[in-house]
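Next comes final-v2.txt, with compact mmCIF, N, CA and C atoms.
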# COMPACT_ATOMS: atom_id res chain seq x y z
N MET A 1 -16.83 -2.22 27.68
CA MET A 1 -17.16 -3.24 28.65
C MET A 1 -18.07 -2.64 29.70
N GLN A 2 -18.64 -3.49 30.53
CA GLN A 2 -19.56 -3.02 31.56
C GLN A 2 -19.10 -3.48 32.93
N ILE A 3 -19.26 -2.57 33.88
CA ILE A 3 -19.04 -2.89 35.29
C ILE A 3 -20.30 -2.44 36.03
N ILE A 4 -20.45 -2.90 37.24
CA ILE A 4 -21.59 -2.49 38.05
C ILE A 4 -21.05 -1.65 39.20
N VAL A 5 -21.51 -0.40 39.28
CA VAL A 5 -21.05 0.52 40.32
C VAL A 5 -22.23 0.86 41.22
N ASN A 6 -22.12 0.47 42.47
CA ASN A 6 -23.18 0.71 43.45
C ASN A 6 -24.54 0.25 42.93
N GLY A 7 -24.54 -0.93 42.30
CA GLY A 7 -25.78 -1.54 41.83
C GLY A 7 -26.26 -1.10 40.46
N GLU A 8 -25.56 -0.16 39.83
CA GLU A 8 -25.98 0.33 38.51
C GLU A 8 -24.95 -0.03 37.45
N GLN A 9 -25.45 -0.55 36.32
CA GLN A 9 -24.56 -0.89 35.23
C GLN A 9 -23.96 0.36 34.62
N ARG A 10 -22.68 0.27 34.26
CA ARG A 10 -21.98 1.43 33.72
C ARG A 10 -21.08 0.96 32.58
N ASP A 11 -21.20 1.59 31.42
CA ASP A 11 -20.32 1.30 30.29
C ASP A 11 -19.02 2.08 30.48
N VAL A 12 -17.91 1.36 30.42
CA VAL A 12 -16.60 1.99 30.60
C VAL A 12 -15.65 1.48 29.52
N SER A 13 -14.57 2.20 29.31
CA SER A 13 -13.59 1.79 28.31
C SER A 13 -12.71 0.67 28.87
N ASP A 14 -12.21 -0.17 27.98
CA ASP A 14 -11.28 -1.22 28.38
C ASP A 14 -10.06 -0.58 29.02
N GLY A 15 -9.54 -1.21 30.05
CA GLY A 15 -8.33 -0.70 30.70
C GLY A 15 -8.58 0.41 31.71
N LEU A 16 -9.87 0.68 32.02
CA LEU A 16 -10.19 1.73 32.99
C LEU A 16 -9.61 1.36 34.36
N THR A 17 -8.95 2.33 34.99
CA THR A 17 -8.40 2.10 36.32
C THR A 17 -9.36 2.66 37.37
N ALA A 18 -9.14 2.24 38.60
CA ALA A 18 -9.95 2.76 39.71
C ALA A 18 -9.77 4.26 39.83
N GLU A 19 -8.55 4.74 39.62
CA GLU A 19 -8.28 6.17 39.69
C GLU A 19 -9.09 6.93 38.62
N GLN A 20 -9.15 6.40 37.42
CA GLN A 20 -9.91 7.04 36.35
C GLN A 20 -11.40 7.05 36.66
N LEU A 21 -11.90 5.96 37.25
CA LEU A 21 -13.31 5.92 37.62
C LEU A 21 -13.63 6.99 38.65
N VAL A 22 -12.77 7.14 39.64
CA VAL A 22 -12.96 8.16 40.67
C VAL A 22 -12.99 9.55 40.02
N ASN A 23 -12.10 9.79 39.05
CA ASN A 23 -12.08 11.07 38.34
C ASN A 23 -13.36 11.27 37.54
N GLU A 24 -13.80 10.23 36.82
CA GLU A 24 -15.03 10.32 36.02
C GLU A 24 -16.25 10.62 36.88
N MET A 25 -16.26 10.06 38.08
CA MET A 25 -17.40 10.25 38.98
C MET A 25 -17.30 11.55 39.77
N ASP A 26 -16.22 12.29 39.55
CA ASP A 26 -15.98 13.58 40.22
C ASP A 26 -16.00 13.44 41.74
N ILE A 27 -15.31 12.41 42.23
CA ILE A 27 -15.20 12.22 43.67
C ILE A 27 -13.74 12.21 44.12
N THR A 28 -12.89 12.80 43.29
CA THR A 28 -11.47 12.91 43.62
C THR A 28 -11.30 13.75 44.88
N GLY A 29 -10.44 13.31 45.79
CA GLY A 29 -10.15 14.06 46.99
C GLY A 29 -11.16 13.87 48.10
N LYS A 30 -12.24 13.14 47.84
CA LYS A 30 -13.23 12.89 48.88
C LYS A 30 -12.84 11.62 49.65
N ARG A 31 -13.33 11.52 50.85
CA ARG A 31 -13.04 10.35 51.68
C ARG A 31 -13.95 9.21 51.25
N ILE A 32 -13.39 8.29 50.47
CA ILE A 32 -14.16 7.17 49.96
C ILE A 32 -13.43 5.86 50.24
N ALA A 33 -14.17 4.78 50.14
CA ALA A 33 -13.59 3.44 50.17
C ALA A 33 -14.17 2.70 48.97
N MET A 34 -13.33 1.89 48.32
CA MET A 34 -13.77 1.15 47.14
C MET A 34 -13.56 -0.34 47.36
N GLU A 35 -14.60 -1.08 47.00
CA GLU A 35 -14.55 -2.53 47.06
C GLU A 35 -14.85 -3.06 45.66
N VAL A 36 -14.05 -4.00 45.20
CA VAL A 36 -14.27 -4.61 43.89
C VAL A 36 -14.39 -6.11 44.10
N ASN A 37 -15.53 -6.66 43.72
CA ASN A 37 -15.79 -8.09 43.89
C ASN A 37 -15.50 -8.54 45.32
N LEU A 38 -16.01 -7.76 46.26
CA LEU A 38 -15.95 -8.05 47.71
C LEU A 38 -14.55 -7.90 48.32
N GLU A 39 -13.62 -7.26 47.60
CA GLU A 39 -12.28 -7.02 48.14
C GLU A 39 -11.98 -5.52 48.11
N ILE A 40 -11.48 -5.02 49.24
CA ILE A 40 -11.13 -3.60 49.34
C ILE A 40 -9.92 -3.31 48.44
N VAL A 41 -10.01 -2.21 47.70
CA VAL A 41 -8.88 -1.74 46.91
C VAL A 41 -8.27 -0.56 47.66
N PRO A 42 -7.05 -0.70 48.16
CA PRO A 42 -6.42 0.42 48.87
C PRO A 42 -6.25 1.64 47.95
N ARG A 43 -6.45 2.81 48.48
CA ARG A 43 -6.32 4.04 47.68
C ARG A 43 -4.97 4.10 46.98
N SER A 44 -3.94 3.59 47.62
CA SER A 44 -2.60 3.62 47.02
C SER A 44 -2.49 2.73 45.77
N HIS A 45 -3.49 1.89 45.52
CA HIS A 45 -3.48 1.00 44.36
C HIS A 45 -4.45 1.44 43.26
N TYR A 46 -5.17 2.54 43.46
CA TYR A 46 -6.16 2.98 42.48
C TYR A 46 -5.57 3.16 41.09
N ALA A 47 -4.38 3.71 40.99
CA ALA A 47 -3.77 3.99 39.68
C ALA A 47 -3.45 2.72 38.92
N GLU A 48 -3.20 1.63 39.62
CA GLU A 48 -2.81 0.39 38.94
C GLU A 48 -3.92 -0.66 38.89
N HIS A 49 -5.03 -0.43 39.61
CA HIS A 49 -6.12 -1.42 39.58
C HIS A 49 -6.95 -1.22 38.31
N ILE A 50 -6.94 -2.22 37.45
CA ILE A 50 -7.68 -2.18 36.19
C ILE A 50 -8.92 -3.06 36.32
N PHE A 51 -10.06 -2.51 35.93
CA PHE A 51 -11.31 -3.25 36.02
C PHE A 51 -11.42 -4.26 34.89
N ASN A 52 -12.17 -5.32 35.18
CA ASN A 52 -12.51 -6.35 34.19
C ASN A 52 -14.00 -6.30 33.91
N ASP A 53 -14.39 -6.75 32.74
CA ASP A 53 -15.80 -6.78 32.37
C ASP A 53 -16.58 -7.54 33.44
N GLY A 54 -17.67 -6.95 33.90
CA GLY A 54 -18.53 -7.60 34.88
C GLY A 54 -18.16 -7.37 36.33
N ASP A 55 -17.07 -6.63 36.60
CA ASP A 55 -16.69 -6.36 37.98
C ASP A 55 -17.84 -5.66 38.72
N LYS A 56 -17.97 -6.00 40.00
CA LYS A 56 -18.96 -5.35 40.85
C LYS A 56 -18.22 -4.44 41.82
N VAL A 57 -18.49 -3.15 41.68
CA VAL A 57 -17.77 -2.12 42.43
C VAL A 57 -18.73 -1.44 43.40
N GLU A 58 -18.30 -1.31 44.64
CA GLU A 58 -19.06 -0.55 45.64
C GLU A 58 -18.17 0.59 46.11
N ILE A 59 -18.70 1.79 46.07
CA ILE A 59 -17.96 2.96 46.54
C ILE A 59 -18.80 3.61 47.64
N VAL A 60 -18.19 3.80 48.80
CA VAL A 60 -18.90 4.45 49.89
C VAL A 60 -18.14 5.70 50.30
N HIS A 61 -18.89 6.69 50.74
CA HIS A 61 -18.32 7.95 51.21
C HIS A 61 -18.30 7.93 52.73
N ALA A 62 -17.18 8.31 53.30
CA ALA A 62 -17.06 8.44 54.74
C ALA A 62 -17.77 9.73 55.17
N VAL A 63 -18.56 9.62 56.21
CA VAL A 63 -19.28 10.78 56.71
C VAL A 63 -18.81 11.04 58.13
N GLY A 64 -18.35 12.25 58.37
CA GLY A 64 -17.89 12.61 59.70
C GLY A 64 -19.00 13.29 60.49
N GLY A 65 -18.84 13.30 61.74
CA GLY A 65 -19.83 13.97 62.56
C GLY A 65 -19.45 13.84 64.04
N GLY A 66 -20.23 14.41 64.84
CA GLY A 66 -19.92 14.35 66.25
C GLY A 66 -21.14 14.29 67.10
Output the file's structure as structure tokens, nothing else.
Amino acid sequence: MQIIVNGEQRDVSDGLTAEQLVNEMDITGKRIAMEVNLEIVPRSHYAEHIFNDGDKVEIVHAVGGG
């Protein structure tokens, strides 16, 4: 199936979870926020959030500074 991640189409396996996507993108442990179809997915729900074909995913990285 296909999802759109930050504006780019991505082929993923059926049943892919948000947690698995984060692992595939090698952004585990980084300060990120994920939105799927305009709704925030809390980090505590990544393991159980399963993507559907055509989902639009936005992932942003928090940047600290002073």
Atom C of A:Gly64 to atom C of A:Thr28 measures 17.4 Å
Mind the document's chain letters and residue numbers, and return as a ChimeraX atom specification the residues of chain A that DSSP labels alpha helix (DSSP H). /A:18-24
For stretch 54-60 of chain A, find every residue with an atom within 9 Å (counting only C-alpha atoms), except residues of its own chain fewer than 4 positions away, and show them as a list in words.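 In the requested form, the answer reads Met1, Gln2, Ile3, Ile4, Val5, Asn6, Gly7, Arg31, Ile32, Ala33, Met34, Glu35, Val36, Asn37 and Leu38 of chain A.
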Just asking: which residues within chain A are strand (DSSP E or B) according to DSSP, as a PyMOL selection string? chain A and resi 2-5+8-11+17+32-36+39-41+50+56-61
Using the selection just defined, write its residues with N, CA and C atoms as a PDB file, in the frame of the given file.
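In the end it all went to part-v5.pdb:
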ATOM      1  N   GLN A   2     -18.640  -3.490  30.530  1.00  0.00           N
ATOM      2  CA  GLN A   2     -19.560  -3.020  31.560  1.00  0.00           C
ATOM      3  C   GLN A   2     -19.100  -3.480  32.930  1.00  0.00           C
ATOM      4  N   ILE A   3     -19.260  -2.570  33.880  1.00  0.00           N
ATOM      5  CA  ILE A   3     -19.040  -2.890  35.290  1.00  0.00           C
ATOM      6  C   ILE A   3     -20.300  -2.440  36.030  1.00  0.00           C
ATOM      7  N   ILE A   4     -20.450  -2.900  37.240  1.00  0.00           N
ATOM      8  CA  ILE A   4     -21.590  -2.490  38.050  1.00  0.00           C
ATOM      9  C   ILE A   4     -21.050  -1.650  39.200  1.00  0.00           C
ATOM     10  N   VAL A   5     -21.510  -0.400  39.280  1.00  0.00           N
ATOM     11  CA  VAL A   5     -21.050   0.520  40.320  1.00  0.00           C
ATOM     12  C   VAL A   5     -22.230   0.860  41.220  1.00  0.00           C
ATOM     13  N   GLU A   8     -25.560  -0.160  39.830  1.00  0.00           N
ATOM     14  CA  GLU A   8     -25.980   0.330  38.510  1.00  0.00           C
ATOM     15  C   GLU A   8     -24.950  -0.030  37.450  1.00  0.00           C
ATOM     16  N   GLN A   9     -25.450  -0.550  36.320  1.00  0.00           N
ATOM     17  CA  GLN A   9     -24.560  -0.890  35.230  1.00  0.00           C
ATOM     18  C   GLN A   9     -23.960   0.360  34.620  1.00  0.00           C
ATOM     19  N   ARG A  10     -22.680   0.270  34.260  1.00  0.00           N
ATOM     20  CA  ARG A  10     -21.980   1.430  33.720  1.00  0.00           C
ATOM     21  C   ARG A  10     -21.080   0.960  32.580  1.00  0.00           C
ATOM     22  N   ASP A  11     -21.200   1.590  31.420  1.00  0.00           N
ATOM     23  CA  ASP A  11     -20.320   1.300  30.290  1.00  0.00           C
ATOM     24  C   ASP A  11     -19.020   2.080  30.480  1.00  0.00           C
ATOM     25  N   THR A  17      -8.950   2.330  34.990  1.00  0.00           N
ATOM     26  CA  THR A  17      -8.400   2.100  36.320  1.00  0.00           C
ATOM     27  C   THR A  17      -9.360   2.660  37.370  1.00  0.00           C
ATOM     28  N   ILE A  32     -13.390   8.290  50.470  1.00  0.00           N
ATOM     29  CA  ILE A  32     -14.160   7.170  49.960  1.00  0.00           C
ATOM     30  C   ILE A  32     -13.430   5.860  50.240  1.00  0.00           C
ATOM     31  N   ALA A  33     -14.170   4.780  50.140  1.00  0.00           N
ATOM     32  CA  ALA A  33     -13.590   3.440  50.170  1.00  0.00           C
ATOM     33  C   ALA A  33     -14.170   2.700  48.970  1.00  0.00           C
ATOM     34  N   MET A  34     -13.330   1.890  48.320  1.00  0.00           N
ATOM     35  CA  MET A  34     -13.770   1.150  47.140  1.00  0.00           C
ATOM     36  C   MET A  34     -13.560  -0.340  47.360  1.00  0.00           C
ATOM     37  N   GLU A  35     -14.600  -1.080  47.000  1.00  0.00           N
ATOM     38  CA  GLU A  35     -14.550  -2.530  47.060  1.00  0.00           C
ATOM     39  C   GLU A  35     -14.850  -3.060  45.660  1.00  0.00           C
ATOM     40  N   VAL A  36     -14.050  -4.000  45.200  1.00  0.00           N
ATOM     41  CA  VAL A  36     -14.270  -4.610  43.890  1.00  0.00           C
ATOM     42  C   VAL A  36     -14.390  -6.110  44.100  1.00  0.00           C
ATOM     43  N   GLU A  39     -13.620  -7.260  47.600  1.00  0.00           N
ATOM     44  CA  GLU A  39     -12.280  -7.020  48.140  1.00  0.00           C
ATOM     45  C   GLU A  39     -11.980  -5.520  48.110  1.00  0.00           C
ATOM     46  N   ILE A  40     -11.480  -5.020  49.240  1.00  0.00           N
ATOM     47  CA  ILE A  40     -11.130  -3.600  49.340  1.00  0.00           C
ATOM     48  C   ILE A  40      -9.920  -3.310  48.440  1.00  0.00           C
ATOM     49  N   VAL A  41     -10.010  -2.210  47.700  1.00  0.00           N
ATOM     50  CA  VAL A  41      -8.880  -1.740  46.910  1.00  0.00           C
ATOM     51  C   VAL A  41      -8.270  -0.560  47.660  1.00  0.00           C
ATOM     52  N   ILE A  50      -6.940  -2.220  37.450  1.00  0.00           N
ATOM     53  CA  ILE A  50      -7.680  -2.180  36.190  1.00  0.00           C
ATOM     54  C   ILE A  50      -8.920  -3.060  36.320  1.00  0.00           C
ATOM     55  N   LYS A  56     -17.970  -6.000  40.000  1.00  0.00           N
ATOM     56  CA  LYS A  56     -18.960  -5.350  40.850  1.00  0.00           C
ATOM     57  C   LYS A  56     -18.220  -4.440  41.820  1.00  0.00           C
ATOM     58  N   VAL A  57     -18.490  -3.150  41.680  1.00  0.00           N
ATOM     59  CA  VAL A  57     -17.770  -2.120  42.430  1.00  0.00           C
ATOM     60  C   VAL A  57     -18.730  -1.440  43.400  1.00  0.00           C
ATOM     61  N   GLU A  58     -18.300  -1.310  44.640  1.00  0.00           N
ATOM     62  CA  GLU A  58     -19.060  -0.550  45.640  1.00  0.00           C
ATOM     63  C   GLU A  58     -18.170   0.590  46.110  1.00  0.00           C
ATOM     64  N   ILE A  59     -18.700   1.790  46.070  1.00  0.00           N
ATOM     65  CA  ILE A  59     -17.960   2.960  46.540  1.00  0.00           C
ATOM     66  C   ILE A  59     -18.800   3.610  47.640  1.00  0.00           C
ATOM     67  N   VAL A  60     -18.190   3.800  48.800  1.00  0.00           N
ATOM     68  CA  VAL A  60     -18.900   4.450  49.890  1.00  0.00           C
ATOM     69  C   VAL A  60     -18.140   5.700  50.300  1.00  0.00           C
ATOM     70  N   HIS A  61     -18.890   6.690  50.740  1.00  0.00           N
ATOM     71  CA  HIS A  61     -18.320   7.950  51.210  1.00  0.00           C
ATOM     72  C   HIS A  61     -18.300   7.930  52.730  1.00  0.00           C
TER      73      HIS A  61
END
If you take every atom of stretch 15-33 of chain A that the file lists and fit an axis-aligned box around them with 6 Å extra on each side, what centre and edge lengths come out in Å to one decimal, as lines of an AutoDock Vina configuration file?
center_x = -12.8
center_y = 6.4
center_z = 40.9
size_x = 21.1
size_y = 27.3
size_z = 33.6
Interatomic distance (Å, one decimal) between atom CA of A:His49 and atom CA of A:Val63: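 Separating atom CA of A:His49 from atom CA of A:Val63 is a distance of 24.8 Å.
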Quick check, in Å to one decimal: how far apart do atom N of A:Ala47 and atom N of A:Gln20 lie?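 Separating atom N of A:Ala47 from atom N of A:Gln20 is a distance of 6.5 Å.
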So that I can see what lies close to A:Tyr46, please list as a PyMOL selection string the residues with an atom at most 5 Å from it, counting all atoms listed in the file and leaving out residues fewer than 4 positions away in the same chain. chain A and resi 18-19+42
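Distances from A:Asp53, A:Glu39, A:Gly29, A:Ser44 to A:Gly15 were compared using only N, CA and C atoms, and the smallest one belongs to A:Asp53.
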